[in-house]
Amino acid sequence: MKILIIEDEEDLLDAITSSLLKEYFLIESASDYHTAMDKIQMYDYDCILLDIMLPGGSGLQLLEQLKQSEKSENVIIISAKDSLDDKLKGLELGADDYLTKPFHIAELNARIKAVLRRKKLDGKHTIETRNVVLDLNERQLLVNGEAVALNRKEFDILNYFLLNTNRLVTKSALAEHVWGDNIDQADNLDFIYYQIKNLRKKLQQANAAIEIESVYGVGYKMVEK
């Protein structure tokens, strides 16, 4: 899952980033209004942590932009402003939660996971398709009840595919989601092919009732057998 942290307090940004990386989230960040605006207009995120008071503008203005772009879901406001008006305004603009500084990082982690479960998985922490179960908490793949070892990127790729079963996934969308916004700087996306190749082999050897089909020249599609 890819998270954007919009926060100008460097120490807090570093602490949140360090904690979420340990949870295997892919992290992007912005420390001012204009950088944040560029990112939310160019990219999609599974969750956005949004400070209200930012250099160059207000986080509520960013939330308004997200709402206009129909991207306001999965936003958690993190702010020192403990005003009821700010909370109500943020929730009216589509934010899912509001956490007042100072807060424990563990509480933030729990709220992020709760938002993601609520939006993506109806509150569950597993994705189940045919004989395949992907446990997001344990980061484990089970096929017919047997564990299948995946590396970090293979797990993230499979997670993304399972959330988009039977939908076309372009190479660029997959690369951006799993490897982050800096993928724009890559010369080519050949490395995706090798990750997909290894993942396909593991699914086949485990007799998984799902497979990754290639859509020539465009990307891939996860389908049930």
# chains A, B, ... in the order shown; residues from 1 in each chain; ligands from 1
$ residues_around --residues "region 47-49 of chain A" --least-positions-apart "5" --cutoff "7 Å" --atoms "only C-alpha atoms" --output "JSON, numbers by chain"
{"A": [2, 3, 4, 5, 6, 74, 75, 76, 77, 78]}
$ write_last_selection --atoms "all heavy atoms" --output "PDB file, in the first residue's frame"
ATOM      1  N   LYS A   2       0.478   2.228  -0.795  1.00  0.00           N
ATOM      2  CA  LYS A   2       1.288   3.435  -0.941  1.00  0.00           C
ATOM      3  C   LYS A   2       0.668   4.588  -0.153  1.00  0.00           C
ATOM      4  O   LYS A   2      -0.514   4.896  -0.297  1.00  0.00           O
ATOM      5  CB  LYS A   2       1.410   3.805  -2.421  1.00  0.00           C
ATOM      6  CG  LYS A   2       2.375   4.950  -2.662  1.00  0.00           C
ATOM      7  CD  LYS A   2       2.734   5.091  -4.132  1.00  0.00           C
ATOM      8  CE  LYS A   2       1.559   5.484  -4.976  1.00  0.00           C
ATOM      9  NZ  LYS A   2       1.975   5.933  -6.329  1.00  0.00           N
ATOM     10  N   ILE A   3       1.488   5.228   0.677  1.00  0.00           N
ATOM     11  CA  ILE A   3       1.019   6.294   1.555  1.00  0.00           C
ATOM     12  C   ILE A   3       1.778   7.579   1.268  1.00  0.00           C
ATOM     13  O   ILE A   3       3.008   7.566   1.117  1.00  0.00           O
ATOM     14  CB  ILE A   3       1.194   5.900   3.035  1.00  0.00           C
ATOM     15  CG1 ILE A   3       0.309   4.695   3.368  1.00  0.00           C
ATOM     16  CG2 ILE A   3       0.854   7.065   3.956  1.00  0.00           C
ATOM     17  CD1 ILE A   3       0.466   4.197   4.785  1.00  0.00           C
ATOM     18  N   LEU A   4       1.056   8.689   1.203  1.00  0.00           N
ATOM     19  CA  LEU A   4       1.662  10.012   1.083  1.00  0.00           C
ATOM     20  C   LEU A   4       1.547  10.722   2.426  1.00  0.00           C
ATOM     21  O   LEU A   4       0.449  10.870   2.965  1.00  0.00           O
ATOM     22  CB  LEU A   4       0.953  10.830   0.003  1.00  0.00           C
ATOM     23  CG  LEU A   4       1.396  12.296  -0.129  1.00  0.00           C
ATOM     24  CD1 LEU A   4       2.862  12.385  -0.538  1.00  0.00           C
ATOM     25  CD2 LEU A   4       0.509  13.058  -1.115  1.00  0.00           C
ATOM     26  N   ILE A   5       2.689  11.162   2.959  1.00  0.00           N
ATOM     27  CA  ILE A   5       2.709  11.926   4.213  1.00  0.00           C
ATOM     28  C   ILE A   5       2.941  13.387   3.869  1.00  0.00           C
ATOM     29  O   ILE A   5       3.978  13.751   3.319  1.00  0.00           O
ATOM     30  CB  ILE A   5       3.821  11.442   5.158  1.00  0.00           C
ATOM     31  CG1 ILE A   5       3.733   9.926   5.375  1.00  0.00           C
ATOM     32  CG2 ILE A   5       3.739  12.178   6.497  1.00  0.00           C
ATOM     33  CD1 ILE A   5       4.935   9.360   6.138  1.00  0.00           C
ATOM     34  N   ILE A   6       1.971  14.234   4.188  1.00  0.00           N
ATOM     35  CA  ILE A   6       2.092  15.674   3.959  1.00  0.00           C
ATOM     36  C   ILE A   6       2.277  16.326   5.315  1.00  0.00           C
ATOM     37  O   ILE A   6       1.329  16.512   6.076  1.00  0.00           O
ATOM     38  CB  ILE A   6       0.848  16.223   3.238  1.00  0.00           C
ATOM     39  CG1 ILE A   6       0.622  15.477   1.922  1.00  0.00           C
ATOM     40  CG2 ILE A   6       0.996  17.720   2.987  1.00  0.00           C
ATOM     41  CD1 ILE A   6      -0.668  15.851   1.214  1.00  0.00           C
ATOM     42  N   ASN A  74      -9.753   7.863   2.149  1.00  0.00           N
ATOM     43  CA  ASN A  74      -8.519   7.379   2.787  1.00  0.00           C
ATOM     44  C   ASN A  74      -7.580   8.507   3.203  1.00  0.00           C
ATOM     45  O   ASN A  74      -6.366   8.350   3.155  1.00  0.00           O
ATOM     46  CB  ASN A  74      -7.776   6.401   1.869  1.00  0.00           C
ATOM     47  CG  ASN A  74      -8.563   5.140   1.593  1.00  0.00           C
ATOM     48  OD1 ASN A  74      -9.745   5.057   1.894  1.00  0.00           O
ATOM     49  ND2 ASN A  74      -7.917   4.152   1.039  1.00  0.00           N
ATOM     50  N   VAL A  75      -8.123   9.629   3.625  1.00  0.00           N
ATOM     51  CA  VAL A  75      -7.320  10.737   4.144  1.00  0.00           C
ATOM     52  C   VAL A  75      -7.471  10.786   5.658  1.00  0.00           C
ATOM     53  O   VAL A  75      -8.584  10.783   6.183  1.00  0.00           O
ATOM     54  CB  VAL A  75      -7.756  12.086   3.535  1.00  0.00           C
ATOM     55  CG1 VAL A  75      -6.989  13.236   4.193  1.00  0.00           C
ATOM     56  CG2 VAL A  75      -7.521  12.097   2.029  1.00  0.00           C
ATOM     57  N   ILE A  76      -6.329  10.832   6.343  1.00  0.00           N
ATOM     58  CA  ILE A  76      -6.311  11.031   7.795  1.00  0.00           C
ATOM     59  C   ILE A  76      -5.643  12.365   8.068  1.00  0.00           C
ATOM     60  O   ILE A  76      -4.477  12.562   7.716  1.00  0.00           O
ATOM     61  CB  ILE A  76      -5.560   9.901   8.514  1.00  0.00           C
ATOM     62  CG1 ILE A  76      -6.222   8.549   8.244  1.00  0.00           C
ATOM     63  CG2 ILE A  76      -5.505  10.170  10.028  1.00  0.00           C
ATOM     64  CD1 ILE A  76      -5.468   7.369   8.836  1.00  0.00           C
ATOM     65  N   ILE A  77      -6.373  13.284   8.690  1.00  0.00           N
ATOM     66  CA  ILE A  77      -5.802  14.585   9.033  1.00  0.00           C
ATOM     67  C   ILE A  77      -4.993  14.438  10.314  1.00  0.00           C
ATOM     68  O   ILE A  77      -5.459  13.862  11.298  1.00  0.00           O
ATOM     69  CB  ILE A  77      -6.910  15.634   9.223  1.00  0.00           C
ATOM     70  CG1 ILE A  77      -7.634  15.887   7.898  1.00  0.00           C
ATOM     71  CG2 ILE A  77      -6.337  16.936   9.773  1.00  0.00           C
ATOM     72  CD1 ILE A  77      -8.834  16.801   8.024  1.00  0.00           C
ATOM     73  N   ILE A  78      -3.745  14.925  10.289  1.00  0.00           N
ATOM     74  CA  ILE A  78      -2.909  14.954  11.493  1.00  0.00           C
ATOM     75  C   ILE A  78      -2.529  16.408  11.735  1.00  0.00           C
ATOM     76  O   ILE A  78      -1.819  17.009  10.946  1.00  0.00           O
ATOM     77  CB  ILE A  78      -1.653  14.062  11.343  1.00  0.00           C
ATOM     78  CG1 ILE A  78      -0.903  14.371  10.049  1.00  0.00           C
ATOM     79  CG2 ILE A  78      -2.037  12.587  11.373  1.00  0.00           C
ATOM     80  CD1 ILE A  78       0.427  13.642   9.918  1.00  0.00           C
TER      81      ILE A  78
END
$ closest_residue --among "A:Tyr43, A:Thr170, A:Leu54, A:Glu23" --to "Asp8 (chain A)" --atoms "only C-alpha atoms"
A:Leu54
$ atom_distance --atom1 "CA of Met42 (chain A)" --atom2 "CA of Glu213 (chain A)"
27.6 Å
$ residues_around --residues "Leu60 (chain A)" --least-positions-apart "3" --cutoff "9 Å" --atoms "only C-alpha atoms" --output "list in words"
Leu50, Asp51, Ile52, Met53, Gly57, Leu63, Glu64, Gln65, Asp86, Lys89, Gly90 and Leu93 of chain A
$ closest_residue --among "A:Lys67, A:His34, A:His104, A:Arg130" --to "Thr165 (chain A)" --atoms "only C-alpha atoms"
A:Arg130
$ closest_residue --among "A:Ala30, A:Val223, A:Leu99, A:Leu108" --to "Val169 (chain A)" --atoms "only C-alpha atoms"
A:Val223
$ atom_distance --atom1 "CA of Lys101 (chain A)" --atom2 "CA of Ala80 (chain A)"
4.6 Å
$ select_by_dssp --residues "region 1-194 of chain A" --states "alpha helix (DSSP H)" --output "CSV table (one decimal) with N, CA and C atoms, in the first residue's frame"
chain,number,residue,atom,x,y,z
A,10,GLU,N,9.9,18.2,10.4
A,10,GLU,CA,10.9,17.2,9.9
A,10,GLU,C,11.0,16.0,10.9
A,11,ASP,N,11.1,16.2,12.2
A,11,ASP,CA,11.2,15.1,13.1
A,11,ASP,C,10.0,14.2,13.1
A,12,LEU,N,8.8,14.8,13.0
A,12,LEU,CA,7.6,14.0,13.0
A,12,LEU,C,7.5,13.2,11.7
A,13,LEU,N,7.9,13.8,10.6
A,13,LEU,CA,7.9,13.2,9.3
A,13,LEU,C,8.8,12.0,9.3
A,14,ASP,N,10.0,12.2,9.9
A,14,ASP,CA,11.0,11.1,9.9
A,14,ASP,C,10.5,9.9,10.8
A,15,ALA,N,9.9,10.3,11.9
A,15,ALA,CA,9.4,9.2,12.8
A,15,ALA,C,8.2,8.4,12.2
A,16,ILE,N,7.3,9.1,11.5
A,16,ILE,CA,6.2,8.4,10.9
A,16,ILE,C,6.7,7.6,9.7
A,17,THR,N,7.6,8.1,8.9
A,17,THR,CA,8.2,7.4,7.8
A,17,THR,C,8.9,6.1,8.3
A,18,SER,N,9.7,6.2,9.3
A,18,SER,CA,10.5,5.1,9.8
A,18,SER,C,9.5,4.0,10.3
A,19,SER,N,8.5,4.4,11.0
A,19,SER,CA,7.5,3.4,11.5
A,19,SER,C,6.7,2.7,10.4
A,20,LEU,N,6.3,3.5,9.4
A,20,LEU,CA,5.5,2.9,8.4
A,20,LEU,C,6.3,2.0,7.4
A,21,LEU,N,7.6,2.3,7.3
A,21,LEU,CA,8.4,1.5,6.5
A,21,LEU,C,8.6,0.1,7.1
A,22,LYS,N,8.6,0.1,8.4
A,22,LYS,CA,8.7,-1.2,9.1
A,22,LYS,C,7.4,-2.0,8.9
A,33,TYR,N,2.9,23.0,0.8
A,33,TYR,CA,1.7,22.9,0.1
A,33,TYR,C,1.8,22.6,-1.4
A,34,HIS,N,2.8,23.3,-2.1
A,34,HIS,CA,2.9,23.2,-3.5
A,34,HIS,C,3.4,21.9,-3.9
A,35,THR,N,4.4,21.3,-3.2
A,35,THR,CA,4.9,20.0,-3.5
A,35,THR,C,3.8,18.9,-3.3
A,36,ALA,N,3.0,19.1,-2.2
A,36,ALA,CA,1.9,18.2,-2.0
A,36,ALA,C,0.8,18.3,-3.1
A,37,MET,N,0.5,19.5,-3.5
A,37,MET,CA,-0.4,19.7,-4.6
A,37,MET,C,0.0,19.0,-5.9
A,38,ASP,N,1.3,19.1,-6.2
A,38,ASP,CA,1.8,18.4,-7.4
A,38,ASP,C,1.6,16.9,-7.3
A,39,LYS,N,1.9,16.4,-6.1
A,39,LYS,CA,1.9,14.9,-6.0
A,39,LYS,C,0.4,14.4,-6.0
A,40,ILE,N,-0.5,15.1,-5.4
A,40,ILE,CA,-1.9,14.6,-5.4
A,40,ILE,C,-2.5,14.7,-6.8
A,41,GLN,N,-2.0,15.7,-7.6
A,41,GLN,CA,-2.6,15.8,-8.9
A,41,GLN,C,-2.0,14.8,-9.9
A,42,MET,N,-0.8,14.4,-9.6
A,42,MET,CA,-0.1,13.5,-10.6
A,42,MET,C,-0.2,12.0,-10.2
A,59,GLY,N,-3.8,22.7,4.4
A,59,GLY,CA,-4.1,21.3,4.1
A,59,GLY,C,-5.6,21.1,3.7
A,60,LEU,N,-6.5,22.0,4.3
A,60,LEU,CA,-7.9,21.9,3.9
A,60,LEU,C,-8.1,22.2,2.4
A,61,GLN,N,-7.2,23.1,1.9
A,61,GLN,CA,-7.3,23.4,0.5
A,61,GLN,C,-6.9,22.2,-0.4
A,62,LEU,N,-5.9,21.5,0.1
A,62,LEU,CA,-5.5,20.2,-0.6
A,62,LEU,C,-6.7,19.2,-0.5
A,63,LEU,N,-7.4,19.2,0.6
A,63,LEU,CA,-8.5,18.2,0.8
A,63,LEU,C,-9.6,18.6,-0.2
A,64,GLU,N,-9.8,19.9,-0.4
A,64,GLU,CA,-10.8,20.4,-1.3
A,64,GLU,C,-10.5,19.9,-2.7
A,65,GLN,N,-9.2,20.0,-3.1
A,65,GLN,CA,-8.7,19.6,-4.4
A,65,GLN,C,-8.9,18.1,-4.6
A,66,LEU,N,-8.6,17.3,-3.5
A,66,LEU,CA,-8.8,15.9,-3.5
A,66,LEU,C,-10.3,15.5,-3.7
A,67,LYS,N,-11.1,16.2,-3.1
A,67,LYS,CA,-12.6,16.0,-3.2
A,67,LYS,C,-13.0,16.3,-4.6
A,68,GLN,N,-12.6,17.4,-5.2
A,68,GLN,CA,-12.9,17.7,-6.6
A,68,GLN,C,-12.5,16.6,-7.6
A,84,LEU,N,-12.9,22.1,16.8
A,84,LEU,CA,-14.0,21.4,16.3
A,84,LEU,C,-14.4,21.8,14.9
A,85,ASP,N,-14.2,23.1,14.6
A,85,ASP,CA,-14.5,23.6,13.2
A,85,ASP,C,-13.6,22.9,12.2
A,86,ASP,N,-12.3,22.8,12.5
A,86,ASP,CA,-11.4,22.2,11.6
A,86,ASP,C,-11.7,20.7,11.4
A,87,LYS,N,-12.1,20.0,12.4
A,87,LYS,CA,-12.4,18.6,12.3
A,87,LYS,C,-13.7,18.4,11.4
A,88,LEU,N,-14.7,19.2,11.7
A,88,LEU,CA,-15.9,19.1,10.9
A,88,LEU,C,-15.7,19.5,9.5
A,89,LYS,N,-14.9,20.5,9.2
A,89,LYS,CA,-14.6,20.9,7.9
A,89,LYS,C,-13.9,19.8,7.1
A,90,GLY,N,-12.9,19.2,7.8
A,90,GLY,CA,-12.1,18.1,7.2
A,90,GLY,C,-13.0,16.9,6.9
A,91,LEU,N,-13.9,16.5,7.8
A,91,LEU,CA,-14.7,15.4,7.6
A,91,LEU,C,-15.8,15.7,6.5
A,92,GLU,N,-16.2,16.9,6.4
A,92,GLU,CA,-17.2,17.3,5.4
A,92,GLU,C,-16.5,17.2,4.0
A,105,ILE,N,2.7,7.1,17.7
A,105,ILE,CA,2.8,6.5,16.3
A,105,ILE,C,2.0,5.2,16.2
A,106,ALA,N,2.0,4.4,17.2
A,106,ALA,CA,1.3,3.1,17.2
A,106,ALA,C,-0.2,3.4,16.9
A,107,GLU,N,-0.8,4.5,17.5
A,107,GLU,CA,-2.2,4.8,17.3
A,107,GLU,C,-2.4,5.2,15.8
A,108,LEU,N,-1.5,6.0,15.3
A,108,LEU,CA,-1.6,6.3,13.8
A,108,LEU,C,-1.5,5.1,12.9
A,109,ASN,N,-0.6,4.2,13.2
A,109,ASN,CA,-0.5,2.9,12.5
A,109,ASN,C,-1.8,2.2,12.5
A,110,ALA,N,-2.4,2.1,13.7
A,110,ALA,CA,-3.7,1.4,13.8
A,110,ALA,C,-4.8,2.0,13.0
A,111,ARG,N,-4.8,3.3,13.0
A,111,ARG,CA,-5.9,4.1,12.3
A,111,ARG,C,-5.7,3.9,10.8
A,112,ILE,N,-4.4,3.9,10.3
A,112,ILE,CA,-4.2,3.7,8.9
A,112,ILE,C,-4.7,2.4,8.5
A,113,LYS,N,-4.3,1.3,9.2
A,113,LYS,CA,-4.8,0.0,8.9
A,113,LYS,C,-6.3,-0.1,8.9
A,114,ALA,N,-6.9,0.5,9.9
A,114,ALA,CA,-8.4,0.5,10.0
A,114,ALA,C,-9.0,1.1,8.7
A,115,VAL,N,-8.5,2.3,8.3
A,115,VAL,CA,-9.0,3.0,7.1
A,115,VAL,C,-8.9,2.1,5.9
A,116,LEU,N,-7.7,1.5,5.7
A,116,LEU,CA,-7.4,0.7,4.5
A,116,LEU,C,-8.3,-0.6,4.5
A,117,ARG,N,-8.5,-1.2,5.7
A,117,ARG,CA,-9.4,-2.4,5.8
A,117,ARG,C,-10.8,-2.0,5.4
A,118,ARG,N,-11.2,-0.8,6.0
A,118,ARG,CA,-12.6,-0.4,5.8
A,118,ARG,C,-12.9,-0.1,4.3
A,119,LYS,N,-12.0,0.5,3.7
A,119,LYS,CA,-12.2,1.0,2.3
A,119,LYS,C,-11.9,-0.1,1.3
A,120,LYS,N,-10.9,-0.9,1.5
A,120,LYS,CA,-10.5,-1.9,0.5
A,120,LYS,C,-11.1,-3.3,0.8
A,152,ARG,N,9.4,-9.4,-0.8
A,152,ARG,CA,8.6,-8.2,-0.5
A,152,ARG,C,7.8,-7.7,-1.7
A,153,LYS,N,8.5,-7.6,-2.8
A,153,LYS,CA,7.9,-7.0,-4.0
A,153,LYS,C,6.9,-8.0,-4.6
A,154,GLU,N,7.2,-9.3,-4.6
A,154,GLU,CA,6.2,-10.2,-5.1
A,154,GLU,C,4.9,-10.2,-4.3
A,155,PHE,N,5.0,-10.0,-3.0
A,155,PHE,CA,3.9,-9.9,-2.1
A,155,PHE,C,3.1,-8.6,-2.5
A,156,ASP,N,3.8,-7.5,-2.7
A,156,ASP,CA,3.1,-6.2,-3.0
A,156,ASP,C,2.4,-6.3,-4.4
A,157,ILE,N,3.1,-7.0,-5.3
A,157,ILE,CA,2.5,-7.1,-6.7
A,157,ILE,C,1.2,-8.0,-6.6
A,158,LEU,N,1.3,-9.1,-5.9
A,158,LEU,CA,0.1,-10.0,-5.8
A,158,LEU,C,-1.0,-9.3,-5.0
A,159,ASN,N,-0.7,-8.5,-4.0
A,159,ASN,CA,-1.7,-7.7,-3.3
A,159,ASN,C,-2.4,-6.8,-4.2
A,160,TYR,N,-1.7,-6.1,-5.0
A,160,TYR,CA,-2.2,-5.1,-6.0
A,160,TYR,C,-3.1,-5.8,-7.0
A,161,PHE,N,-2.7,-7.0,-7.5
A,161,PHE,CA,-3.4,-7.7,-8.5
A,161,PHE,C,-4.7,-8.2,-7.9
A,162,LEU,N,-4.7,-8.8,-6.7
A,162,LEU,CA,-5.8,-9.3,-6.0
A,162,LEU,C,-6.9,-8.3,-5.7
A,171,LYS,N,1.5,-1.6,-17.0
A,171,LYS,CA,2.9,-1.7,-16.4
A,171,LYS,C,3.2,-0.4,-15.6
A,172,SER,N,2.8,0.7,-16.1
A,172,SER,CA,3.2,2.0,-15.4
A,172,SER,C,2.4,2.1,-14.1
A,173,ALA,N,1.1,1.7,-14.1
A,173,ALA,CA,0.4,1.8,-12.8
A,173,ALA,C,0.9,0.8,-11.8
A,174,LEU,N,1.3,-0.4,-12.2
A,174,LEU,CA,1.9,-1.4,-11.3
A,174,LEU,C,3.2,-0.9,-10.8
A,175,ALA,N,4.0,-0.3,-11.6
A,175,ALA,CA,5.3,0.1,-11.2
A,175,ALA,C,5.2,1.3,-10.2
A,176,GLU,N,4.3,2.2,-10.5
A,176,GLU,CA,4.1,3.4,-9.6
A,176,GLU,C,3.6,2.9,-8.2
A,177,HIS,N,2.7,2.0,-8.2
A,177,HIS,CA,2.1,1.5,-7.0
A,177,HIS,C,3.1,0.8,-6.1
A,178,VAL,N,3.9,-0.1,-6.7
A,178,VAL,CA,4.8,-1.0,-6.0
A,178,VAL,C,6.1,-0.3,-5.7
A,179,TRP,N,6.6,0.5,-6.7
A,179,TRP,CA,8.0,1.0,-6.5
A,179,TRP,C,8.0,2.5,-6.2
A,190,ASP,N,11.5,-3.1,-17.6
A,190,ASP,CA,11.8,-4.5,-17.8
A,190,ASP,C,11.9,-5.3,-16.5
A,191,PHE,N,12.3,-4.6,-15.4
A,191,PHE,CA,12.4,-5.3,-14.1
A,191,PHE,C,11.1,-5.9,-13.7
A,192,ILE,N,10.0,-5.2,-14.1
A,192,ILE,CA,8.6,-5.7,-13.7
A,192,ILE,C,8.4,-7.1,-14.3
A,193,TYR,N,8.9,-7.4,-15.5
A,193,TYR,CA,8.8,-8.6,-16.2
A,193,TYR,C,9.3,-9.8,-15.3
A,194,TYR,N,10.5,-9.5,-14.8
A,194,TYR,CA,11.2,-10.6,-14.0
A,194,TYR,C,10.5,-10.9,-12.7
$ select_by_dssp --residues "region 1-105 of chain A" --states "strand (DSSP E or B)" --output "ChimeraX atom specification"
/A:2-6,26-30,47-50,53-54,57-58,75-79,97-100
$ atom_distance --atom1 "CA of Ala208 (chain A)" --atom2 "CA of Asp44 (chain A)"
29.7 Å
$ closest_residue --among "A:Lys71, A:Val132, A:Lys197, A:Val215" --to "Asp96 (chain A)" --atoms "only C-alpha atoms"
A:Lys71
$ decode --residues "region 110-118 of chain A" --atoms "all heavy atoms" --output "PDB file, in the first residue's frame"
ATOM      1  N   ALA A 110      -2.417   2.090  13.664  1.00  0.00           N
ATOM      2  CA  ALA A 110      -3.680   1.356  13.809  1.00  0.00           C
ATOM      3  C   ALA A 110      -4.792   2.023  13.009  1.00  0.00           C
ATOM      4  O   ALA A 110      -5.615   1.345  12.370  1.00  0.00           O
ATOM      5  CB  ALA A 110      -4.057   1.269  15.284  1.00  0.00           C
ATOM      6  N   ARG A 111      -4.814   3.341  13.013  1.00  0.00           N
ATOM      7  CA  ARG A 111      -5.873   4.053  12.283  1.00  0.00           C
ATOM      8  C   ARG A 111      -5.689   3.913  10.769  1.00  0.00           C
ATOM      9  O   ARG A 111      -6.668   3.807  10.029  1.00  0.00           O
ATOM     10  CB  ARG A 111      -5.885   5.525  12.696  1.00  0.00           C
ATOM     11  CG  ARG A 111      -6.288   5.738  14.142  1.00  0.00           C
ATOM     12  CD  ARG A 111      -6.806   7.133  14.366  1.00  0.00           C
ATOM     13  NE  ARG A 111      -7.034   7.418  15.770  1.00  0.00           N
ATOM     14  CZ  ARG A 111      -7.746   8.445  16.208  1.00  0.00           C
ATOM     15  NH1 ARG A 111      -8.299   9.273  15.340  1.00  0.00           N
ATOM     16  NH2 ARG A 111      -7.905   8.661  17.491  1.00  0.00           N
ATOM     17  N   ILE A 112      -4.440   3.937  10.320  1.00  0.00           N
ATOM     18  CA  ILE A 112      -4.172   3.735   8.886  1.00  0.00           C
ATOM     19  C   ILE A 112      -4.684   2.368   8.451  1.00  0.00           C
ATOM     20  O   ILE A 112      -5.378   2.241   7.441  1.00  0.00           O
ATOM     21  CB  ILE A 112      -2.666   3.864   8.592  1.00  0.00           C
ATOM     22  CG1 ILE A 112      -2.206   5.306   8.773  1.00  0.00           C
ATOM     23  CG2 ILE A 112      -2.354   3.389   7.162  1.00  0.00           C
ATOM     24  CD1 ILE A 112      -0.700   5.473   8.708  1.00  0.00           C
ATOM     25  N   LYS A 113      -4.338   1.342   9.208  1.00  0.00           N
ATOM     26  CA  LYS A 113      -4.759  -0.014   8.853  1.00  0.00           C
ATOM     27  C   LYS A 113      -6.280  -0.145   8.893  1.00  0.00           C
ATOM     28  O   LYS A 113      -6.879  -0.830   8.054  1.00  0.00           O
ATOM     29  CB  LYS A 113      -4.099  -1.024   9.793  1.00  0.00           C
ATOM     30  CG  LYS A 113      -2.600  -1.141   9.581  1.00  0.00           C
ATOM     31  CD  LYS A 113      -1.969  -2.118  10.564  1.00  0.00           C
ATOM     32  CE  LYS A 113      -0.465  -2.219  10.350  1.00  0.00           C
ATOM     33  NZ  LYS A 113       0.177  -3.141  11.309  1.00  0.00           N
ATOM     34  N   ALA A 114      -6.901   0.523   9.859  1.00  0.00           N
ATOM     35  CA  ALA A 114      -8.360   0.465   9.956  1.00  0.00           C
ATOM     36  C   ALA A 114      -9.011   1.124   8.743  1.00  0.00           C
ATOM     37  O   ALA A 114      -9.990   0.600   8.189  1.00  0.00           O
ATOM     38  CB  ALA A 114      -8.825   1.151  11.241  1.00  0.00           C
ATOM     39  N   VAL A 115      -8.479   2.260   8.322  1.00  0.00           N
ATOM     40  CA  VAL A 115      -9.018   2.956   7.148  1.00  0.00           C
ATOM     41  C   VAL A 115      -8.860   2.100   5.897  1.00  0.00           C
ATOM     42  O   VAL A 115      -9.782   1.956   5.098  1.00  0.00           O
ATOM     43  CB  VAL A 115      -8.316   4.321   6.960  1.00  0.00           C
ATOM     44  CG1 VAL A 115      -8.588   4.884   5.571  1.00  0.00           C
ATOM     45  CG2 VAL A 115      -8.789   5.306   8.015  1.00  0.00           C
ATOM     46  N   LEU A 116      -7.687   1.504   5.731  1.00  0.00           N
ATOM     47  CA  LEU A 116      -7.429   0.685   4.547  1.00  0.00           C
ATOM     48  C   LEU A 116      -8.323  -0.552   4.530  1.00  0.00           C
ATOM     49  O   LEU A 116      -8.849  -0.932   3.481  1.00  0.00           O
ATOM     50  CB  LEU A 116      -5.954   0.280   4.496  1.00  0.00           C
ATOM     51  CG  LEU A 116      -4.971   1.436   4.254  1.00  0.00           C
ATOM     52  CD1 LEU A 116      -3.541   0.934   4.354  1.00  0.00           C
ATOM     53  CD2 LEU A 116      -5.210   2.064   2.885  1.00  0.00           C
ATOM     54  N   ARG A 117      -8.503  -1.194   5.691  1.00  0.00           N
ATOM     55  CA  ARG A 117      -9.379  -2.363   5.762  1.00  0.00           C
ATOM     56  C   ARG A 117     -10.817  -1.979   5.438  1.00  0.00           C
ATOM     57  O   ARG A 117     -11.528  -2.679   4.723  1.00  0.00           O
ATOM     58  CB  ARG A 117      -9.317  -3.010   7.144  1.00  0.00           C
ATOM     59  CG  ARG A 117      -8.069  -3.823   7.419  1.00  0.00           C
ATOM     60  CD  ARG A 117      -8.281  -4.739   8.604  1.00  0.00           C
ATOM     61  NE  ARG A 117      -8.672  -4.021   9.804  1.00  0.00           N
ATOM     62  CZ  ARG A 117      -7.815  -3.535  10.696  1.00  0.00           C
ATOM     63  NH1 ARG A 117      -6.525  -3.679  10.505  1.00  0.00           N
ATOM     64  NH2 ARG A 117      -8.247  -2.903  11.765  1.00  0.00           N
ATOM     65  N   ARG A 118     -11.243  -0.850   5.984  1.00  0.00           N
ATOM     66  CA  ARG A 118     -12.625  -0.409   5.793  1.00  0.00           C
ATOM     67  C   ARG A 118     -12.908  -0.091   4.332  1.00  0.00           C
ATOM     68  O   ARG A 118     -13.963  -0.448   3.790  1.00  0.00           O
ATOM     69  CB  ARG A 118     -12.886   0.823   6.664  1.00  0.00           C
ATOM     70  CG  ARG A 118     -14.330   1.268   6.705  1.00  0.00           C
ATOM     71  CD  ARG A 118     -14.578   2.200   7.869  1.00  0.00           C
ATOM     72  NE  ARG A 118     -13.814   3.433   7.774  1.00  0.00           N
ATOM     73  CZ  ARG A 118     -12.859   3.778   8.643  1.00  0.00           C
ATOM     74  NH1 ARG A 118     -12.529   2.971   9.638  1.00  0.00           N
ATOM     75  NH2 ARG A 118     -12.232   4.925   8.523  1.00  0.00           N
TER      76      ARG A 118
END
